[in-house]
Amino acid sequence: MIRNEADVTTALAPSTPLTAADRCDRCGAQAYLRVELQTGGELLFCAHHAREHGDKLKEIAANVIDETHKLGGTSVTSGEDR
């Protein structure tokens, strides 16, 4: 059987939860935010740098996985940050 490009489907794999081994790309602290980029790839940020760069990240993100609730405070992407 010969397959052409129309027969091929692609699906995004679900993101795995962040762990203590995931580090902020800016400072190396534990990452609580994963930004999946529109162009492919991803960036990881601690809560501090996620807030600092939040506006720009929203412009380039295809998807944001926010696990800052694990810190016990409010999430970076909730409330007035939207």
# chains A, B, ... in the order shown; residues from 1 in each chain; ligands from 1

call {"tool": "residues_around", "arguments": {"residues": "region 61-75 of chain A", "least_positions_apart": "4", "cutoff": "7 Å", "atoms": "only C-alpha atoms", "output": "list in words"}}
result
Tyr32, Leu33, Arg34, Val35, Glu36, Leu37, Gln38, Ala47 and Leu57 of chain A

call {"tool": "write_last_selection", "arguments": {"atoms": "N, CA, C and O atoms", "output": "compact mmCIF listing (two decimals), in the first residue's frame"}}
result
# COMPACT_ATOMS: atom_id res chain seq x y z
N TYR A 32 7.89 26.26 36.74
CA TYR A 32 6.48 26.02 37.00
C TYR A 32 5.61 26.40 35.82
O TYR A 32 4.39 26.31 35.88
N LEU A 33 6.22 26.86 34.73
CA LEU A 33 5.47 27.27 33.55
C LEU A 33 6.17 26.75 32.31
O LEU A 33 7.38 26.96 32.14
N ARG A 34 5.44 26.01 31.48
CA ARG A 34 5.96 25.53 30.20
C ARG A 34 5.23 26.30 29.10
O ARG A 34 4.00 26.34 29.06
N VAL A 35 6.00 26.92 28.22
CA VAL A 35 5.44 27.67 27.10
C VAL A 35 5.78 26.90 25.83
O VAL A 35 6.95 26.77 25.47
N GLU A 36 4.75 26.37 25.18
CA GLU A 36 4.94 25.69 23.90
C GLU A 36 4.81 26.76 22.83
O GLU A 36 3.79 27.46 22.75
N LEU A 37 5.85 26.92 22.03
CA LEU A 37 5.92 28.01 21.07
C LEU A 37 5.18 27.70 19.78
O LEU A 37 5.11 26.55 19.35
N GLN A 38 4.66 28.74 19.14
CA GLN A 38 3.97 28.59 17.86
C GLN A 38 4.92 28.04 16.79
O GLN A 38 4.50 27.32 15.89
N ALA A 47 8.19 30.95 38.34
CA ALA A 47 7.04 31.86 38.45
C ALA A 47 7.48 33.31 38.30
O ALA A 47 6.80 34.11 37.64
N LEU A 57 5.44 36.43 26.27
CA LEU A 57 5.21 34.99 26.13
C LEU A 57 3.84 34.70 25.54
O LEU A 57 3.68 33.80 24.72

call {"tool": "select_by_dssp", "arguments": {"residues": "region 23-70 of chain A", "states": "strand (DSSP E)", "output": "VMD selection string"}}
result
chain A and resid 33 to 37 42 to 45 61 to 66

call {"tool": "write_last_selection", "arguments": {"atoms": "all heavy atoms", "output": "compact mmCIF listing (two decimals), in the first residue's frame"}}
result
# COMPACT_ATOMS: atom_id res chain seq x y z
N LEU A 33 6.22 26.86 34.73
CA LEU A 33 5.47 27.27 33.55
C LEU A 33 6.17 26.75 32.31
O LEU A 33 7.38 26.96 32.14
CB LEU A 33 5.39 28.81 33.48
CG LEU A 33 4.33 29.33 32.53
CD1 LEU A 33 3.01 29.50 33.28
CD2 LEU A 33 4.75 30.65 31.96
N ARG A 34 5.44 26.01 31.48
CA ARG A 34 5.96 25.53 30.20
C ARG A 34 5.23 26.30 29.10
O ARG A 34 4.00 26.34 29.06
CB ARG A 34 5.68 24.04 30.04
CG ARG A 34 6.19 23.46 28.71
CD ARG A 34 5.70 22.04 28.46
NE ARG A 34 5.73 21.18 29.63
CZ ARG A 34 6.77 20.42 29.99
NH1 ARG A 34 7.86 20.39 29.28
NH2 ARG A 34 6.68 19.66 31.08
N VAL A 35 6.00 26.92 28.22
CA VAL A 35 5.44 27.67 27.10
C VAL A 35 5.78 26.90 25.83
O VAL A 35 6.95 26.77 25.47
CB VAL A 35 6.01 29.10 27.03
CG1 VAL A 35 5.41 29.85 25.85
CG2 VAL A 35 5.76 29.85 28.32
N GLU A 36 4.75 26.37 25.18
CA GLU A 36 4.94 25.69 23.90
C GLU A 36 4.81 26.76 22.83
O GLU A 36 3.79 27.46 22.75
CB GLU A 36 3.91 24.58 23.74
CG GLU A 36 4.08 23.49 24.79
CD GLU A 36 2.96 22.47 24.80
OE1 GLU A 36 1.92 22.70 24.14
OE2 GLU A 36 3.12 21.45 25.48
N LEU A 37 5.85 26.92 22.03
CA LEU A 37 5.92 28.01 21.07
C LEU A 37 5.18 27.70 19.78
O LEU A 37 5.11 26.55 19.35
CB LEU A 37 7.39 28.32 20.75
CG LEU A 37 8.25 28.66 21.96
CD1 LEU A 37 9.71 28.77 21.55
CD2 LEU A 37 7.77 29.93 22.61
N GLU A 42 9.87 24.62 23.11
CA GLU A 42 9.25 25.07 24.35
C GLU A 42 10.26 25.84 25.19
O GLU A 42 11.47 25.70 25.01
CB GLU A 42 8.69 23.91 25.15
CG GLU A 42 9.75 22.97 25.69
CD GLU A 42 9.17 21.78 26.43
OE1 GLU A 42 8.00 21.42 26.23
OE2 GLU A 42 9.92 21.19 27.23
N LEU A 43 9.74 26.64 26.08
CA LEU A 43 10.53 27.37 27.06
C LEU A 43 9.97 27.06 28.43
O LEU A 43 8.76 26.89 28.59
CB LEU A 43 10.46 28.88 26.80
CG LEU A 43 11.06 29.37 25.49
CD1 LEU A 43 10.72 30.85 25.30
CD2 LEU A 43 12.57 29.17 25.48
N LEU A 44 10.85 26.99 29.42
CA LEU A 44 10.44 26.74 30.80
C LEU A 44 10.80 27.95 31.65
O LEU A 44 11.88 28.53 31.48
CB LEU A 44 11.14 25.50 31.36
CG LEU A 44 10.92 24.20 30.60
CD1 LEU A 44 11.75 23.09 31.21
CD2 LEU A 44 9.46 23.82 30.56
N PHE A 45 9.92 28.33 32.57
CA PHE A 45 10.15 29.48 33.42
C PHE A 45 9.73 29.22 34.85
O PHE A 45 8.74 28.55 35.11
CB PHE A 45 9.38 30.71 32.91
CG PHE A 45 9.92 31.25 31.62
CD1 PHE A 45 9.32 30.90 30.42
CD2 PHE A 45 11.01 32.09 31.60
CE1 PHE A 45 9.82 31.39 29.22
CE2 PHE A 45 11.51 32.58 30.41
CZ PHE A 45 10.92 32.23 29.22
N ALA A 61 3.21 32.21 22.29
CA ALA A 61 2.83 30.88 22.78
C ALA A 61 1.72 30.25 21.96
O ALA A 61 0.76 30.91 21.59
CB ALA A 61 2.39 30.97 24.23
N ALA A 62 1.86 28.97 21.71
CA ALA A 62 0.78 28.18 21.14
C ALA A 62 -0.04 27.59 22.28
O ALA A 62 -1.25 27.41 22.18
CB ALA A 62 1.34 27.06 20.27
N ASN A 63 0.64 27.30 23.39
CA ASN A 63 0.00 26.71 24.56
C ASN A 63 0.85 27.02 25.78
O ASN A 63 2.07 27.06 25.69
CB ASN A 63 -0.12 25.19 24.38
CG ASN A 63 -0.99 24.55 25.42
OD1 ASN A 63 -1.94 25.15 25.92
ND2 ASN A 63 -0.68 23.32 25.77
N VAL A 64 0.20 27.24 26.91
CA VAL A 64 0.91 27.51 28.16
C VAL A 64 0.41 26.53 29.21
O VAL A 64 -0.79 26.40 29.42
CB VAL A 64 0.68 28.96 28.65
CG1 VAL A 64 1.32 29.18 29.99
CG2 VAL A 64 1.18 29.96 27.62
N ILE A 65 1.34 25.83 29.83
CA ILE A 65 1.02 24.94 30.92
C ILE A 65 1.51 25.62 32.20
O ILE A 65 2.70 25.78 32.41
CB ILE A 65 1.68 23.55 30.76
CG1 ILE A 65 1.10 22.82 29.54
CG2 ILE A 65 1.46 22.70 32.00
CD1 ILE A 65 1.74 23.13 28.26
N ASP A 66 0.56 26.07 33.00
CA ASP A 66 0.85 26.86 34.19
C ASP A 66 0.66 25.98 35.41
O ASP A 66 -0.46 25.58 35.72
CB ASP A 66 -0.08 28.06 34.22
CG ASP A 66 0.18 28.99 35.40
OD1 ASP A 66 0.94 28.65 36.32
OD2 ASP A 66 -0.42 30.07 35.40

call {"tool": "residues_around", "arguments": {"residues": "Cys24 (chain A)", "least_positions_apart": "4", "cutoff": "7 Å", "atoms": "only C-alpha atoms", "output": "VMD selection string"}}
result
chain A and resid 28 to 31 44 to 46
